[in-house]
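Below: run-v4.json (JSON, C-alpha atoms)
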```
[["chain", "number", "residue", "atom", "x", "y", "z"],
["F", 122, "MET", "CA", -6.51, -3.50, 2.23],
["F", 123, "LEU", "CA", -7.23, -6.02, -0.52],
["F", 124, "ILE", "CA", -10.69, -4.55, -0.99],
["F", 125, "GLY", "CA", -9.22, -1.06, -1.28],
["F", 126, "LEU", "CA", -6.67, -2.28, -3.84],
["F", 127, "ALA", "CA", -9.41, -4.00, -5.84],
["F", 128, "ILE", "CA", -11.59, -0.87, -5.82],
["F", 129, "GLY", "CA", -8.58, 1.25, -6.78],
["F", 130, "ALA", "CA", -7.72, -1.06, -9.69],
["F", 131, "PHE", "CA", -11.37, -1.17, -10.77],
["F", 132, "GLY", "CA", -11.56, 2.63, -10.85],
["F", 133, "GLN", "CA", -8.30, 2.89, -12.80],
["F", 134, "ILE", "CA", -9.47, 0.35, -15.37],
["F", 135, "MET", "CA", -12.85, 2.08, -15.65],
["F", 136, "VAL", "CA", -11.06, 5.32, -16.60],
["F", 137, "VAL", "CA", -10.05, 3.52, -19.80],
["F", 138, "MET", "CA", -13.36, 1.73, -20.33],
["F", 139, "VAL", "CA", -15.62, 4.78, -20.19],
["F", 140, "GLY", "CA", -14.02, 6.42, -23.21],
["F", 141, "ASN", "CA", -14.30, 10.19, -23.60],
["F", 142, "ASN", "CA", -17.33, 10.69, -21.35],
["F", 143, "PHE", "CA", -15.95, 13.30, -18.97],
["F", 144, "ALA", "CA", -18.50, 12.68, -16.19],
["F", 145, "LEU", "CA", -17.79, 8.93, -16.22],
["F", 146, "VAL", "CA", -14.03, 9.48, -16.32],
["F", 147, "ILE", "CA", -14.29, 11.69, -13.22],
["F", 148, "THR", "CA", -16.58, 9.15, -11.52],
["F", 149, "ALA", "CA", -14.15, 6.32, -12.30],
["F", 150, "TRP", "CA", -11.25, 8.45, -11.07],
["F", 151, "ILE", "CA", -13.07, 9.17, -7.80],
["F", 152, "ILE", "CA", -13.80, 5.46, -7.30],
["F", 153, "GLY", "CA", -10.16, 4.60, -7.97],
["F", 154, "THR", "CA", -8.93, 7.30, -5.61],
["F", 155, "LEU", "CA", -11.26, 6.20, -2.81],
["F", 156, "GLY", "CA", -10.07, 2.61, -3.16],
["F", 157, "ALA", "CA", -6.44, 3.74, -3.14],
["F", 158, "ALA", "CA", -7.13, 5.86, -0.04],
["F", 159, "VAL", "CA", -8.45, 2.82, 1.83],
["F", 160, "ALA", "CA", -5.43, 0.76, 0.77],
["F", 161, "CYS", "CA", -3.00, 3.54, 1.70],
["F", 162, "ALA", "CA", -4.54, 3.99, 5.15],
["F", 163, "MET", "CA", -4.40, 0.31, 6.11],
["F", 164, "PRO", "CA", -0.64, 0.01, 6.72],
["F", 165, "PHE", "CA", -0.93, 2.62, 9.47],
["F", 166, "ALA", "CA", -3.56, 0.48, 11.20],
["F", 167, "MET", "CA", -1.40, -2.61, 10.67],
["F", 168, "LEU", "CA", 1.60, -1.01, 12.41],
["F", 169, "ALA", "CA", 0.10, -1.88, 15.80],
["F", 170, "ASP", "CA", 0.00, -5.55, 14.79],
["F", 171, "THR", "CA", 3.65, -5.32, 13.74],
["F", 172, "VAL", "CA", 4.60, -3.85, 17.11],
["F", 173, "ASP", "CA", 2.71, -6.65, 18.89],
["F", 174, "PHE", "CA", 4.32, -9.33, 16.72],
["F", 175, "GLY", "CA", 7.79, -7.90, 17.33],
["F", 176, "GLU", "CA", 7.24, -7.87, 21.08],
["F", 177, "TRP", "CA", 5.84, -11.40, 20.96],
["F", 178, "LYS", "CA", 8.89, -12.67, 19.04],
["F", 179, "THR", "CA", 11.68, -10.70, 20.74],
["F", 180, "GLY", "CA", 10.26, -9.37, 23.99],
["F", 181, "ILE", "CA", 11.07, -5.84, 22.86],
["F", 182, "ARG", "CA", 8.22, -3.41, 22.22],
["F", 183, "ALA", "CA", 9.75, -1.16, 19.56],
["F", 184, "SER", "CA", 6.71, 0.95, 18.73],
["F", 185, "GLY", "CA", 8.63, 4.19, 18.16],
["F", 186, "PHE", "CA", 11.19, 2.59, 15.88],
["F", 187, "LEU", "CA", 8.65, 0.59, 13.89],
["F", 188, "THR", "CA", 6.38, 3.60, 13.49],
["F", 189, "ALA", "CA", 9.27, 5.76, 12.32],
["F", 190, "VAL", "CA", 10.47, 3.18, 9.84],
["F", 191, "GLY", "CA", 7.01, 2.00, 8.83],
["F", 192, "SER", "CA", 5.53, 5.40, 8.26],
["F", 193, "ALA", "CA", 8.20, 8.04, 7.78],
["F", 194, "PHE", "CA", 10.94, 6.12, 5.96],
["F", 195, "CYS", "CA", 8.65, 3.94, 3.85],
["F", 196, "ILE", "CA", 6.50, 6.91, 2.81],
["F", 197, "GLN", "CA", 9.61, 8.77, 1.67],
["F", 198, "LEU", "CA", 10.93, 5.72, -0.15],
["F", 199, "GLY", "CA", 7.56, 5.11, -1.81],
["F", 200, "SER", "CA", 7.28, 8.75, -2.84],
["F", 201, "GLY", "CA", 10.70, 8.56, -4.43],
["F", 202, "PHE", "CA", 9.88, 5.41, -6.38],
["F", 203, "GLY", "CA", 6.47, 6.85, -7.26],
["F", 204, "SER", "CA", 8.21, 9.69, -9.05],
["F", 205, "PHE", "CA", 11.26, 7.84, -10.34],
["F", 206, "ILE", "CA", 9.54, 4.92, -12.07],
["F", 207, "PRO", "CA", 7.07, 6.94, -14.19],
["F", 208, "SER", "CA", 9.76, 9.49, -15.07],
["F", 209, "LYS", "CA", 12.03, 6.73, -16.36],
["F", 210, "ILE", "CA", 9.21, 5.09, -18.34],
["F", 211, "MET", "CA", 8.19, 8.38, -19.94],
["F", 212, "SER", "CA", 11.80, 9.38, -20.59],
["F", 213, "ALA", "CA", 12.42, 6.07, -22.36],
["F", 214, "ALA", "CA", 9.41, 6.79, -24.57],
["F", 215, "GLY", "CA", 10.77, 10.18, -25.57],
["F", 216, "PHE", "CA", 8.76, 12.47, -23.29],
["F", 217, "VAL", "CA", 10.08, 16.04, -23.21],
["F", 218, "ALA", "CA", 8.31, 18.49, -20.92],
["F", 219, "ASN", "CA", 6.52, 21.49, -22.47],
["F", 220, "LYS", "CA", 6.89, 20.13, -26.02],
["F", 221, "SER", "CA", 4.50, 18.45, -28.43],
["F", 222, "GLN", "CA", 4.54, 14.78, -27.54],
["F", 223, "SER", "CA", 5.09, 11.85, -29.86],
["F", 224, "ALA", "CA", 2.63, 8.95, -30.00],
["F", 225, "ALA", "CA", 5.08, 6.88, -27.92],
["F", 226, "SER", "CA", 5.37, 9.51, -25.20],
["F", 227, "LEU", "CA", 1.57, 9.95, -25.09],
["F", 228, "ALA", "CA", 1.22, 6.18, -24.75],
["F", 229, "SER", "CA", 3.74, 6.22, -21.89],
["F", 230, "ILE", "CA", 1.78, 8.97, -20.12],
["F", 231, "HIS", "CA", -1.39, 6.88, -20.50],
["F", 232, "PHE", "CA", 0.42, 3.79, -19.22],
["F", 233, "CYS", "CA", 1.84, 5.61, -16.20],
["F", 234, "PHE", "CA", -1.47, 7.28, -15.39],
["F", 235, "VAL", "CA", -3.74, 4.23, -15.73],
["F", 236, "TRP", "CA", -1.91, 0.91, -15.95],
["F", 237, "LEU", "CA", 1.13, 1.43, -13.74],
["F", 238, "PRO", "CA", -1.06, 1.95, -10.65],
["F", 239, "VAL", "CA", -3.02, -1.21, -11.51],
["F", 240, "ILE", "CA", 0.25, -3.17, -11.75],
["F", 241, "ILE", "CA", 1.43, -1.73, -8.43],
["F", 242, "TYR", "CA", -1.92, -2.60, -6.81],
["F", 243, "ALA", "CA", -1.56, -6.19, -8.07],
["F", 244, "ILE", "CA", 1.97, -6.47, -6.65],
["F", 245, "VAL", "CA", 0.83, -5.10, -3.28],
["F", 246, "ALA", "CA", -2.19, -7.45, -3.29],
["F", 247, "ALA", "CA", 0.12, -10.43, -3.88],
["F", 248, "ILE", "CA", 2.26, -9.34, -0.93],
["F", 249, "MET", "CA", -0.84, -8.86, 1.24],
["F", 250, "VAL", "CA", -1.99, -12.42, 0.49],
["F", 251, "LEU", "CA", 1.21, -13.54, 2.24],
["F", 252, "TYR", "CA", 0.24, -11.35, 5.23],
["F", 253, "PHE", "CA", -2.74, -13.64, 5.96],
["F", 254, "LYS", "CA", -0.28, -16.16, 7.41],
["F", 255, "TYR", "CA", 0.67, -13.67, 10.10],
["F", 256, "GLU", "CA", -2.78, -12.15, 10.50],
["F", 257, "ARG", "CA", -4.16, -15.56, 11.53],
["F", 258, "ASN", "CA", -1.66, -15.55, 14.43],
["F", 259, "GLU", "CA", -2.87, -12.21, 15.78],
["F", 260, "PRO", "CA", -5.35, -13.62, 18.36],
["F", 261, "LYS", "CA", -2.63, -15.94, 19.73],
["F", 262, "VAL", "CA", -0.09, -13.10, 19.76],
["F", 263, "LYS", "CA", -2.49, -10.82, 21.67],
["F", 264, "ALA", "CA", -3.42, -13.57, 24.14],
["F", 265, "ASP", "CA", 0.24, -14.43, 24.80],
["F", 266, "LEU", "CA", 1.13, -10.76, 25.27],
["F", 267, "ASP", "CA", -1.80, -10.27, 27.65],
["F", 268, "LYS", "CA", -0.52, -13.21, 29.72],
["F", 269, "ARG", "CA", 3.03, -11.81, 29.71],
["F", 270, "HIS", "CA", 1.85, -8.35, 30.72],
["F", 271, "ALA", "CA", -0.38, -9.75, 33.49],
["F", 272, "LEU", "CA", 2.49, -11.89, 34.81],
["F", 273, "ALA", "CA", 4.88, -8.92, 34.73],
["F", 274, "ALA", "CA", 2.31, -6.73, 36.53],
["F", 275, "ALA", "CA", 1.79, -9.42, 39.18],
["F", 276, "GLN", "CA", 5.55, -9.75, 39.74],
["F", 277, "ASN", "CA", 5.91, -5.96, 40.11],
["F", 278, "ASN", "CA", 3.22, -5.85, 42.81]]
```

As C-alpha coordinates, the full file:
Amino acid sequence: MLIGLAIGAFGQIMVVMVGNNFALVITAWIIGTLGAAVACAMPFAMLADTVDFGEWKTGIRASGFLTAVGSAFCIQLGSGFGSFIPSKIMSAAGFVANKSQSAASLASIHFCFVWLPVIIYAIVAAIMVLYFKYERNEPKVKADLDKRHALAAAQNN
(Lines of atoms letter the chains of each structure in order from A and count residues from 1; the text may use other names and numbers.)
(Lines give C-alpha, C1' and ligand atoms only; values in the text may rest on other atoms or scores of the structure.)
Protein backbone atom coordinates (compact mmCIF):
# COMPACT_ATOMS: atom_id res chain seq x y z
CA MET A 1 0.00 0.00 0.00
CA LEU A 2 2.86 2.36 0.82
CA ILE A 3 4.39 1.73 -2.58
CA GLY A 4 1.07 2.50 -4.27
CA LEU A 5 0.72 5.72 -2.26
CA ALA A 6 4.27 6.74 -3.17
CA ILE A 7 3.67 6.06 -6.87
CA GLY A 8 0.36 7.94 -6.70
CA ALA A 9 2.01 10.95 -5.04
CA PHE A 10 4.90 10.83 -7.53
CA GLY A 11 2.48 10.87 -10.47
CA GLN A 12 0.49 13.75 -8.97
CA ILE A 13 3.63 15.81 -8.39
CA MET A 14 4.89 15.02 -11.89
CA VAL A 15 1.67 16.52 -13.32
CA VAL A 16 2.94 19.86 -12.01
CA MET A 17 6.59 19.30 -12.93
CA VAL A 18 6.08 18.49 -16.61
CA GLY A 19 4.57 21.86 -17.41
CA ASN A 20 2.31 22.18 -20.45
CA ASN A 21 3.55 19.09 -22.29
CA PHE A 22 0.26 17.29 -22.84
CA ALA A 23 1.80 13.85 -23.45
CA LEU A 24 3.84 14.06 -20.24
CA VAL A 25 0.87 15.35 -18.24
CA ILE A 26 -1.18 12.34 -19.40
CA THR A 27 1.74 9.99 -18.65
CA ALA A 28 2.14 11.47 -15.16
CA TRP A 29 -1.62 11.23 -14.62
CA ILE A 30 -1.61 7.55 -15.64
CA ILE A 31 1.29 6.83 -13.26
CA GLY A 32 -0.51 8.60 -10.43
CA THR A 33 -3.75 6.77 -11.14
CA LEU A 34 -2.05 3.36 -11.25
CA GLY A 35 -0.37 4.05 -7.91
CA ALA A 36 -3.67 5.17 -6.40
CA ALA A 37 -5.35 2.03 -7.77
CA VAL A 38 -2.83 -0.18 -5.99
CA ALA A 39 -3.28 1.76 -2.75
CA CYS A 40 -7.09 1.66 -3.04
CA ALA A 41 -7.13 -2.09 -3.65
CA MET A 42 -4.97 -3.00 -0.66
CA PRO A 43 -7.54 -2.39 2.11
CA PHE A 44 -9.75 -5.08 0.57
CA ALA A 45 -6.88 -7.55 0.81
CA MET A 46 -6.17 -6.40 4.37
CA LEU A 47 -9.76 -7.10 5.48
CA ALA A 48 -8.93 -10.79 5.86
CA ASP A 49 -6.14 -9.89 8.29
CA THR A 50 -8.60 -7.75 10.25
CA VAL A 51 -11.05 -10.64 10.48
CA ASP A 52 -8.26 -12.94 11.70
CA PHE A 53 -7.06 -10.39 14.26
CA GLY A 54 -10.59 -9.87 15.57
CA GLU A 55 -11.12 -13.61 15.96
CA TRP A 56 -7.73 -13.96 17.64
CA LYS A 57 -8.54 -11.20 20.14
CA THR A 58 -12.22 -11.91 20.84
CA GLY A 59 -12.90 -15.43 19.62
CA ILE A 60 -15.58 -14.08 17.30
CA ARG A 61 -15.08 -14.34 13.54
CA ALA A 62 -17.04 -11.32 12.31
CA SER A 63 -16.15 -11.48 8.64
CA GLY A 64 -19.54 -10.30 7.36
CA PHE A 65 -19.71 -7.34 9.72
CA LEU A 66 -16.11 -6.28 9.15
CA THR A 67 -16.47 -6.59 5.39
CA ALA A 68 -19.67 -4.55 5.41
CA VAL A 69 -18.17 -1.83 7.58
CA GLY A 70 -14.72 -1.98 6.00
CA SER A 71 -15.85 -1.87 2.43
CA ALA A 72 -19.39 -0.55 2.10
CA PHE A 73 -19.56 2.02 4.90
CA CYS A 74 -16.00 3.29 4.60
CA ILE A 75 -16.25 3.62 0.81
CA GLN A 76 -19.42 5.69 1.21
CA LEU A 77 -17.84 7.81 3.92
CA GLY A 78 -14.69 8.32 1.86
CA SER A 79 -16.70 9.25 -1.21
CA GLY A 80 -18.59 11.83 0.80
CA PHE A 81 -15.42 13.40 2.20
CA GLY A 82 -13.81 13.17 -1.24
CA SER A 83 -16.52 15.44 -2.59
CA PHE A 84 -17.10 17.60 0.47
CA ILE A 85 -13.51 18.69 1.16
CA PRO A 86 -12.65 19.94 -2.36
CA SER A 87 -16.04 21.64 -2.69
CA LYS A 88 -15.46 23.56 0.54
CA ILE A 89 -11.91 24.53 -0.48
CA MET A 90 -13.04 25.75 -3.89
CA SER A 91 -16.08 27.52 -2.44
CA ALA A 92 -13.86 29.37 0.04
CA ALA A 93 -11.72 30.53 -2.89
CA GLY A 94 -14.72 31.93 -4.72
CA PHE A 95 -15.40 29.15 -7.23
CA VAL A 96 -18.76 29.51 -8.99
CA ALA A 97 -19.72 26.81 -11.47
CA ASN A 98 -20.14 27.74 -15.15
CA LYS A 99 -18.64 31.22 -14.64
CA SER A 100 -15.26 32.74 -15.44
CA GLN A 101 -13.02 31.87 -12.53
CA SER A 102 -10.87 34.23 -10.49
CA ALA A 103 -7.17 33.57 -9.97
CA ALA A 104 -7.97 32.35 -6.44
CA SER A 105 -10.59 29.87 -7.63
CA LEU A 106 -8.26 28.58 -10.37
CA ALA A 107 -5.55 28.11 -7.74
CA SER A 108 -8.01 26.19 -5.57
CA ILE A 109 -8.92 23.92 -8.49
CA HIS A 110 -5.21 23.27 -9.06
CA PHE A 111 -4.68 22.59 -5.35
CA CYS A 112 -7.62 20.19 -5.16
CA PHE A 113 -6.63 18.39 -8.35
CA VAL A 114 -2.91 17.98 -7.63
CA TRP A 115 -1.89 18.74 -4.06
CA LEU A 116 -4.88 17.60 -2.02
CA PRO A 117 -4.44 13.98 -3.18
CA VAL A 118 -0.73 14.16 -2.29
CA ILE A 119 -1.64 15.40 1.21
CA ILE A 120 -4.22 12.62 1.60
CA TYR A 121 -1.67 10.03 0.42
CA ALA A 122 0.80 11.31 3.04
CA ILE A 123 -1.81 11.07 5.81
CA VAL A 124 -2.74 7.52 4.76
CA ALA A 125 0.96 6.56 4.55
CA ALA A 126 1.50 7.82 8.11
CA ILE A 127 -1.43 5.70 9.29
CA MET A 128 -0.10 2.68 7.39
CA VAL A 129 3.28 3.00 9.12
CA LEU A 130 1.39 2.33 12.36
CA TYR A 131 -0.12 -0.79 10.75
CA PHE A 132 3.33 -2.44 10.66
CA LYS A 133 2.97 -3.06 14.41
CA TYR A 134 -0.01 -5.30 13.74
CA GLU A 135 1.28 -6.75 10.49
CA ARG A 136 4.30 -8.19 12.32
CA ASN A 137 1.86 -10.16 14.53
CA GLU A 138 0.13 -11.80 11.56
CA PRO A 139 2.21 -15.03 11.54
CA LYS A 140 1.55 -15.50 15.28
CA VAL A 141 -2.16 -14.71 14.83
CA LYS A 142 -2.47 -17.25 12.00
CA ALA A 143 -0.55 -19.91 13.94
CA ASP A 144 -2.67 -19.39 17.06
CA LEU A 145 -5.89 -19.53 15.03
CA ASP A 146 -4.74 -22.71 13.27
CA LYS A 147 -4.14 -24.29 16.69
CA ARG A 148 -7.55 -23.15 17.94
CA HIS A 149 -9.31 -24.46 14.85
CA ALA A 150 -7.47 -27.79 15.01
CA LEU A 151 -8.34 -28.16 18.71
CA ALA A 152 -11.99 -27.32 18.04
CA ALA A 153 -12.10 -29.82 15.15
CA ALA A 154 -10.55 -32.52 17.35
CA GLN A 155 -13.09 -31.87 20.12
CA ASN A 156 -15.98 -32.07 17.63
CA ASN A 157 -14.83 -35.49 16.38

Here is a test: counting only C-alpha atoms, which residue of F:Ala158, F:Val190, F:Ala273, F:Ile196 is nearest to Ala127 (chain F)?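 The answer is F:Ala158, which sits nearest to Ala127 (chain F).
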
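Within the 12 Å cut-off around Phe174 (chain F), using only C-alpha atoms and omitting residues fewer than 5 positions from it on the same chain, the listed residues are Met167, Leu168, Ala169, Thr179, Gly180, Ile181, Arg182, Ala183, Ser184, Leu187, Tyr255, Glu256, Arg257, Asn258, Glu259, Pro260, Lys261, Val262, Lys263, Ala264, Asp265 and Leu266 of chain F.
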
Need to verify the contact set: Gly132 (chain F), 9 Å, all atoms listed in the file, exclusion of same-chain residues closer than 5 positions in sequence. Can you return it as JSON, numbers by chain? {"F": [127, 148, 149, 150, 151, 152, 153, 154, 155, 156]}

Which residue out of F:Ala157, F:Val172, F:Ala246, F:Ala193 has the minimum interatomic distance to Phe131 (chain F) when all atoms listed in the file are used?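 The shortest atom-to-atom distance to Phe131 (chain F) comes from F:Ala157.
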
How many Å separate CA of Pro164 (chain F) from CA of Val146 (chain F)?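 That distance, rounded to one decimal, is 28.3 Å.
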
Between CA of Phe216 (chain F) and CA of Gly201 (chain F), measure the distance and give it in Å to one decimal.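 Going from CA of Phe216 (chain F) over to CA of Gly201 (chain F) covers 19.4 Å.
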
Need the shell around Ser204 (chain F): protein/DNA/RNA residues with any atom at most 12 Å away, counting all atoms listed in the file. Skip same-chain ones fewer than 5 positions apart. Format as a PyMOL selection string? chain F and resi 197-199+209-211+233-234+237

Would you mind listing what lies within 9 Å of Ala130 (chain F) as an MDAnalysis selection string, with all atoms listed in the file counted and same-chain residues fewer than 3 positions away left out? chainID F and resid 125:127 133:135 153 156:157 235:236 238:240 242:243

Point-to-point distance from CA of Phe232 (chain F) to CA of Ser192 (chain F), Å rounded to tenths: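 According to the coordinates, CA of Phe232 (chain F) and CA of Ser192 (chain F) are separated by 28.0 Å.
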
Option closest in space to Asp170 (chain F), from F:Leu123, F:Phe205, F:Tyr252, F:Ala225 [counting only C-alpha atoms]: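 Checking each of F:Leu123, F:Phe205, F:Tyr252, F:Ala225 against Asp170 (chain F), counting only C-alpha atoms, the winner is F:Tyr252.
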
Assuming 4 Å of padding per side, give the centre and edge lengths of the axis-aligned box around every listed atom of region 258-267 of chain F, in Å to one decimal and as JSON.
```
{"center_x": -2.1, "center_y": -13.1, "center_z": 21.0, "size_x": 14.5, "size_y": 13.7, "size_z": 21.2}
```

Find the residue from F:Leu227, F:Gly185, F:Met122, F:Lys268 that sits nearest to Phe253 (chain F); use all atoms listed in the file when measuring.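 Distance minimum relative to Phe253 (chain F) lands on F:Met122.
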